[in-house]
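Below is one structure; the comments refer to it alone.
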Amino acid sequence: MTAYFDSNATTRLAPEALEAMLPFLGESYGNPSAFCRFGRALLDPMEGARIELAHLLGADPSEIIFTSGGTESNNMAIKGAVRLMPGRNRIVASAVEHPAVMEPLAFLERNGMEISSVPVDGEGMLDLAELESLLDEDVALVTVMMANNETGVIFPMQQVAEMAHRAGALFHTDAVQAVGKIPVDVQQIGADMISVSAHKLHGPKGTGAIYIKGGIDLPPLIHGGHHECGLRAGTYNVPGIVGLGKAVALAARELDRQGRDLSSMRRRIEEMILESCPGSSILGSGSPRLPNTICVVFEGVESEAVLTMLDMAGICASSGSACSTGQSGPSHVFRAMGLSDALANSAVRISFDRYTTEGDERLLAAHLPQIIEKLRAISPYS
Amino acid sequence: MWNYSQKLLDHFTNPRNVGSLDNPDGHAEVGSPECGDAMQLDIRVDADDRIEEALFMTFGCASAIASASALTEMVKGRTLAEAESLENDQIVEYLGGMPEEKIHCSVMGSEAMRRAIADFRSRRDRVRQAIASLPPELSRALEGCSLPLERAGATRVELVCGGEGRPPVEELERYLADRAGHSVEVKVSV
């Protein structure tokens, strides 16, 4: 028996998306940019995907550009925004962004841009007062994720967007963890750019999109052919885009029911953990969170030991700690939350999705408490 | 998930010699939870300088726990000199290999062993120094008995008494504990 509890890392491809993609990996292999019907016939399915995503986000299809995924979308938004706002030399970002935002920012910093970091509190929530104080006419871009990948904490997009715009800055959000899990409406949020990833919402890997608000003349990141109105060169990843479209359509259809189901699953799993694992606490529980994410600290127990025992029991979960990801030191997210390194080394992330079954939940409940008990018995700190 | 050997996984899931000693002959703490790995080691050493018992507690990943478990198995019954010269690659070999990135976990094991032995020696030195400089009144009360220095351990001392009468065991224990900074058991033999 196996159970997958690492949906924030990636999700399984929806069977419907796979089915929709298959023809484009087989007989429908034409190049959509070609003149002949062989290729032209592929434009419709691709445009269909664009419409689906526009519909999910409350955007116009002309505002959707397909990319290779969340990382490319983030790079395009961040590096493009700087070019769009000459004379403004600062970017403001939250302290808990994903490396796909942090690293482009670090690159720009090495090239002369100034980067300001907005702290979060102990519950993982963004410090809006601090954000406000960092904003002035020198800020080109505010980039703040919609929901954090490790804690699931959801940031108040509308307020961040308003603040950014009052300062005359552009606002981008890395929404790869949010889209398909919670309602995302570009009109309501007022974001200028939004990054989307297909594989986080049961679409294929290597596909994503960026929403660019109409009227914003973002320059391309990748130069070449005239694809995507010259905004993103490269032969279309037709199967990927079609898969993204199908996954998005399913997400739109399932959003409400799935949100309710995941919320109750989260409540049940959290109750199970808190009741049966001594020394456990849920990070960010005082903040609004994604319905599918639990970040739990098991005091006195090292997270990778927990993950290894879970893995031996057929259960896949993850952590933001040093050993498992090959980085040095605990996750920057936990540090930003003011968590001691000792507790940060004890944090485990349990994330799930609409394919997670009650059987998976039972398997987790059957193993996790005894794993924690066993490891606490070995630990000098429990 | 790392590629672990069956033996390593066995020592991880069924760790041997977990626990701590009430009044250990040697104690060591290495690493810290901040660094992601921490280990505590207690040893009991017999009068022939052999490791009678070694117990550990570990906060750490599978390799850290397995390394500590393997270490305690490997040193049991060994002389201090043998245990001291134990290198971390012997722990790695004992466990059937370890991912390169995890070798530091085995280093923690051999480090803990060396520190526990150093702690044992310093405890024993304090006890032996105390015996060598008994106050006159205690010396007088111990007349007819002898305290062989070379048989005195870190927490256990042998008092050889030939004559009649009850030797002042409690006074001696109090004195030794006071001077050594840890409790010392006095065993009377004839």
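Each chain in the structure tokens gets a letter, A, B, ..., in the order shown, and its residues are numbered from 1; ligands are numbered from 1 in order too.
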
- Message: Residues of chain A were defined as contacting chain B if any atom lay at most 10 Å from it, counting only C-alpha atoms; please report them as a ChimeraX atom specification.
- Response: /A:300-309,311-312,316,318,321-324,326,328-330,340-346,371,374-382

Please dump the current selection as an mmCIF file, in the first residue's frame; keep N, CA and C atoms.
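Result written to out13.cif:
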```cif
data_model
loop_
_atom_site.group_PDB
_atom_site.id
_atom_site.type_symbol
_atom_site.label_atom_id
_atom_site.label_comp_id
_atom_site.auth_asym_id
_atom_site.auth_seq_id
_atom_site.Cartn_x
_atom_site.Cartn_y
_atom_site.Cartn_z
ATOM 1 N N GLY A 300 11.352 17.480 19.111
ATOM 2 C CA GLY A 300 12.299 16.463 19.573
ATOM 3 C C GLY A 300 12.618 15.394 18.548
ATOM 4 N N VAL A 301 11.981 15.499 17.374
ATOM 5 C CA VAL A 301 12.156 14.475 16.353
ATOM 6 C C VAL A 301 12.638 15.133 15.061
ATOM 7 N N GLU A 302 13.637 14.562 14.440
ATOM 8 C CA GLU A 302 14.196 15.152 13.234
ATOM 9 C C GLU A 302 13.334 14.756 12.040
ATOM 10 N N SER A 303 13.024 15.756 11.192
ATOM 11 C CA SER A 303 12.018 15.521 10.151
ATOM 12 C C SER A 303 12.414 14.437 9.152
ATOM 13 N N GLU A 304 13.684 14.380 8.789
ATOM 14 C CA GLU A 304 14.039 13.387 7.771
ATOM 15 C C GLU A 304 13.886 11.956 8.282
ATOM 16 N N ALA A 305 14.099 11.778 9.583
ATOM 17 C CA ALA A 305 13.879 10.442 10.156
ATOM 18 C C ALA A 305 12.403 10.065 10.011
ATOM 19 N N VAL A 306 11.516 11.054 10.240
ATOM 20 C CA VAL A 306 10.079 10.806 10.086
ATOM 21 C C VAL A 306 9.767 10.443 8.628
ATOM 22 N N LEU A 307 10.340 11.233 7.700
ATOM 23 C CA LEU A 307 10.070 10.993 6.279
ATOM 24 C C LEU A 307 10.573 9.619 5.844
ATOM 25 N N THR A 308 11.722 9.209 6.386
ATOM 26 C CA THR A 308 12.277 7.906 6.005
ATOM 27 C C THR A 308 11.370 6.784 6.493
ATOM 28 N N MET A 309 10.910 6.894 7.736
ATOM 29 C CA MET A 309 10.018 5.843 8.258
ATOM 30 C C MET A 309 8.684 5.848 7.520
ATOM 31 N N ASP A 311 8.282 6.769 4.440
ATOM 32 C CA ASP A 311 8.591 6.210 3.125
ATOM 33 C C ASP A 311 8.644 4.683 3.187
ATOM 34 N N MET A 312 9.218 4.159 4.272
ATOM 35 C CA MET A 312 9.295 2.701 4.425
ATOM 36 C C MET A 312 7.904 2.103 4.569
ATOM 37 N N CYS A 316 4.460 8.980 1.177
ATOM 38 C CA CYS A 316 5.352 10.032 0.709
ATOM 39 C C CYS A 316 4.928 11.376 1.291
ATOM 40 N N SER A 318 6.972 15.359 2.862
ATOM 41 C CA SER A 318 8.209 16.105 2.620
ATOM 42 C C SER A 318 8.510 17.048 3.770
ATOM 43 N N SER A 321 13.511 20.856 5.372
ATOM 44 C CA SER A 321 14.751 20.848 6.141
ATOM 45 C C SER A 321 15.965 20.580 5.275
ATOM 46 N N ALA A 322 17.117 20.740 5.904
ATOM 47 C CA ALA A 322 18.381 20.703 5.182
ATOM 48 C C ALA A 322 18.632 19.395 4.456
ATOM 49 N N CYS A 323 18.629 18.304 5.207
ATOM 50 C CA CYS A 323 19.058 17.018 4.657
ATOM 51 C C CYS A 323 18.284 16.617 3.418
ATOM 52 N N SER A 324 16.960 16.721 3.489
ATOM 53 C CA SER A 324 16.162 16.138 2.415
ATOM 54 C C SER A 324 16.272 16.928 1.120
ATOM 55 N N GLY A 326 19.008 18.910 0.353
ATOM 56 C CA GLY A 326 20.387 19.147 -0.044
ATOM 57 C C GLY A 326 20.823 20.589 0.113
ATOM 58 N N SER A 328 21.725 23.964 2.588
ATOM 59 C CA SER A 328 22.375 24.053 3.889
ATOM 60 C C SER A 328 21.471 24.805 4.849
ATOM 61 N N GLY A 329 21.186 24.196 5.964
ATOM 62 C CA GLY A 329 20.356 24.833 6.982
ATOM 63 C C GLY A 329 18.877 24.655 6.703
ATOM 64 N N PRO A 330 18.059 24.928 7.728
ATOM 65 C CA PRO A 330 16.625 24.764 7.577
ATOM 66 C C PRO A 330 16.026 25.790 6.615
ATOM 67 N N SER A 340 12.808 28.425 15.840
ATOM 68 C CA SER A 340 14.194 28.051 16.130
ATOM 69 C C SER A 340 14.630 27.002 15.113
ATOM 70 N N ASP A 341 15.938 26.945 14.861
ATOM 71 C CA ASP A 341 16.429 25.955 13.910
ATOM 72 C C ASP A 341 16.100 24.539 14.374
ATOM 73 N N ALA A 342 16.075 24.348 15.699
ATOM 74 C CA ALA A 342 15.757 23.018 16.227
ATOM 75 C C ALA A 342 14.350 22.615 15.810
ATOM 76 N N LEU A 343 13.387 23.530 15.951
ATOM 77 C CA LEU A 343 12.018 23.203 15.564
ATOM 78 C C LEU A 343 11.880 23.122 14.045
ATOM 79 N N ALA A 344 12.636 24.001 13.346
ATOM 80 C CA ALA A 344 12.579 23.963 11.883
ATOM 81 C C ALA A 344 13.068 22.614 11.360
ATOM 82 N N ASN A 345 14.017 22.010 12.092
ATOM 83 C CA ASN A 345 14.511 20.687 11.689
ATOM 84 C C ASN A 345 13.524 19.583 12.037
ATOM 85 N N SER A 346 12.423 19.959 12.665
ATOM 86 C CA SER A 346 11.422 18.974 13.076
ATOM 87 C C SER A 346 10.109 19.146 12.322
ATOM 88 N N ILE A 371 5.328 6.095 14.497
ATOM 89 C CA ILE A 371 6.644 6.570 14.041
ATOM 90 C C ILE A 371 7.144 7.672 14.977
ATOM 91 N N LYS A 374 8.102 6.217 18.346
ATOM 92 C CA LYS A 374 9.360 5.481 18.254
ATOM 93 C C LYS A 374 10.557 6.442 18.238
ATOM 94 N N LEU A 375 10.447 7.484 17.428
ATOM 95 C CA LEU A 375 11.567 8.415 17.302
ATOM 96 C C LEU A 375 11.736 9.270 18.554
ATOM 97 N N ARG A 376 10.622 9.570 19.199
ATOM 98 C CA ARG A 376 10.723 10.339 20.453
ATOM 99 C C ARG A 376 11.407 9.511 21.535
ATOM 100 N N ALA A 377 11.205 8.190 21.478
ATOM 101 C CA ALA A 377 11.837 7.313 22.474
ATOM 102 C C ALA A 377 13.354 7.284 22.302
ATOM 103 N N ILE A 378 13.828 7.552 21.088
ATOM 104 C CA ILE A 378 15.279 7.560 20.839
ATOM 105 C C ILE A 378 15.871 8.942 21.111
ATOM 106 N N SER A 379 15.009 9.971 21.086
ATOM 107 C CA SER A 379 15.500 11.352 21.112
ATOM 108 C C SER A 379 15.923 11.829 22.496
ATOM 109 N N PRO A 380 17.038 12.557 22.557
ATOM 110 C CA PRO A 380 17.436 13.141 23.846
ATOM 111 C C PRO A 380 16.599 14.363 24.221
ATOM 112 N N TYR A 381 15.738 14.818 23.334
ATOM 113 C CA TYR A 381 15.008 16.074 23.598
ATOM 114 C C TYR A 381 13.499 15.899 23.749
ATOM 115 N N SER A 382 13.030 14.720 24.049
ATOM 116 C CA SER A 382 11.565 14.605 24.138
ATOM 117 C C SER A 382 11.135 14.305 25.565
#
```

- Where in range 39-177 of chain B does DSSP assign helix (DSSP H, G or I), given as an MDAnalysis selection string? chainID B and resid 62:75 80:84 88:94 100:132 136:141 149:151 169:177

- Item | Glu170 in chain B environment, 9 Å, only C-alpha atoms, sequence neighbours closer than 4 positions dropped, as number ranges by chain | B: 174-175, 186

- Query: What does the distance between CA of Ser280 in chain A and CA of Cys295 in chain A come to in Å, to one decimal place?
  - Reply: 10.3 Å

- Message: Quick check for you: according to DSSP on this backbone, which residues of range 61-273 of chain A are classed as strand (DSSP E or B)? Reply as a PyMOL selection string.
- Response: chain A and resi 64-67+90-94+114-118+120+126+139-143+147+153-154+170-174+179+182+193-197+208-212

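Candidate residues A:Asp360, A:Asp261, A:Asp185, A:Glu270 were compared for distance to His55 in chain A, and the nearest is A:Asp185, using only C-alpha atoms.
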
- Task: With a distance cut-off of 8 Å and only C-alpha atoms, select the neighbouring residues of Ser116 in chain A, excluding the residue or stretch itself and same-chain residues fewer than 2 positions from it, and output the selection as number ranges by chain.
- Result: A: 90-93, 114, 118, 134

Taking N, CA and C atoms for each residue, export the selection above as a compact mmCIF listing (two decimals), in the first residue's frame.
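Contents of the output file again.txt:
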```
# COMPACT_ATOMS: atom_id res chain seq x y z
N ARG A 90 14.20 49.36 -7.24
CA ARG A 90 14.00 48.47 -6.09
C ARG A 90 12.85 47.50 -6.34
N ILE A 91 12.99 46.30 -5.83
CA ILE A 91 11.92 45.31 -5.87
C ILE A 91 11.60 44.91 -4.44
N VAL A 92 10.32 44.82 -4.12
CA VAL A 92 9.91 44.41 -2.79
C VAL A 92 9.29 43.02 -2.89
N ALA A 93 9.76 42.11 -2.07
CA ALA A 93 9.26 40.73 -2.10
C ALA A 93 9.07 40.22 -0.68
N GLU A 114 18.06 46.84 -6.10
CA GLU A 114 17.98 46.70 -4.65
C GLU A 114 16.75 45.84 -4.34
N VAL A 118 9.95 41.66 2.81
CA VAL A 118 8.86 41.91 3.76
C VAL A 118 8.76 40.72 4.70
N LEU A 134 7.91 50.02 3.15
CA LEU A 134 8.99 49.78 2.18
C LEU A 134 8.68 50.35 0.81
```

Extract, using only C-alpha atoms, all DNA, RNA and protein residues at most 7 Å from Arg126 in chain B, discarding same-chain residues fewer than 4 positions from it, and format them as an mmCIF file with C-alpha atoms, in the first residue's frame.
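Result saved to result.cif:
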```
data_model
loop_
_atom_site.group_PDB
_atom_site.id
_atom_site.type_symbol
_atom_site.label_atom_id
_atom_site.label_comp_id
_atom_site.auth_asym_id
_atom_site.auth_seq_id
_atom_site.Cartn_x
_atom_site.Cartn_y
_atom_site.Cartn_z
ATOM 1 C CA SER B 122 38.648 12.847 33.645
ATOM 2 C CA ALA B 130 40.622 12.162 45.808
ATOM 3 C CA ALA B 180 34.746 14.031 42.046
#
```

- Message: For a quick check of understanding, using only C-alpha atoms, which of A:Cys277, A:Ile64, A:Leu53, A:Met163 has the smallest distance to Ala365 in chain A?
- Response: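 Comparing A:Cys277, A:Ile64, A:Leu53, A:Met163 against Ala365 in chain A, the winner is A:Cys277.
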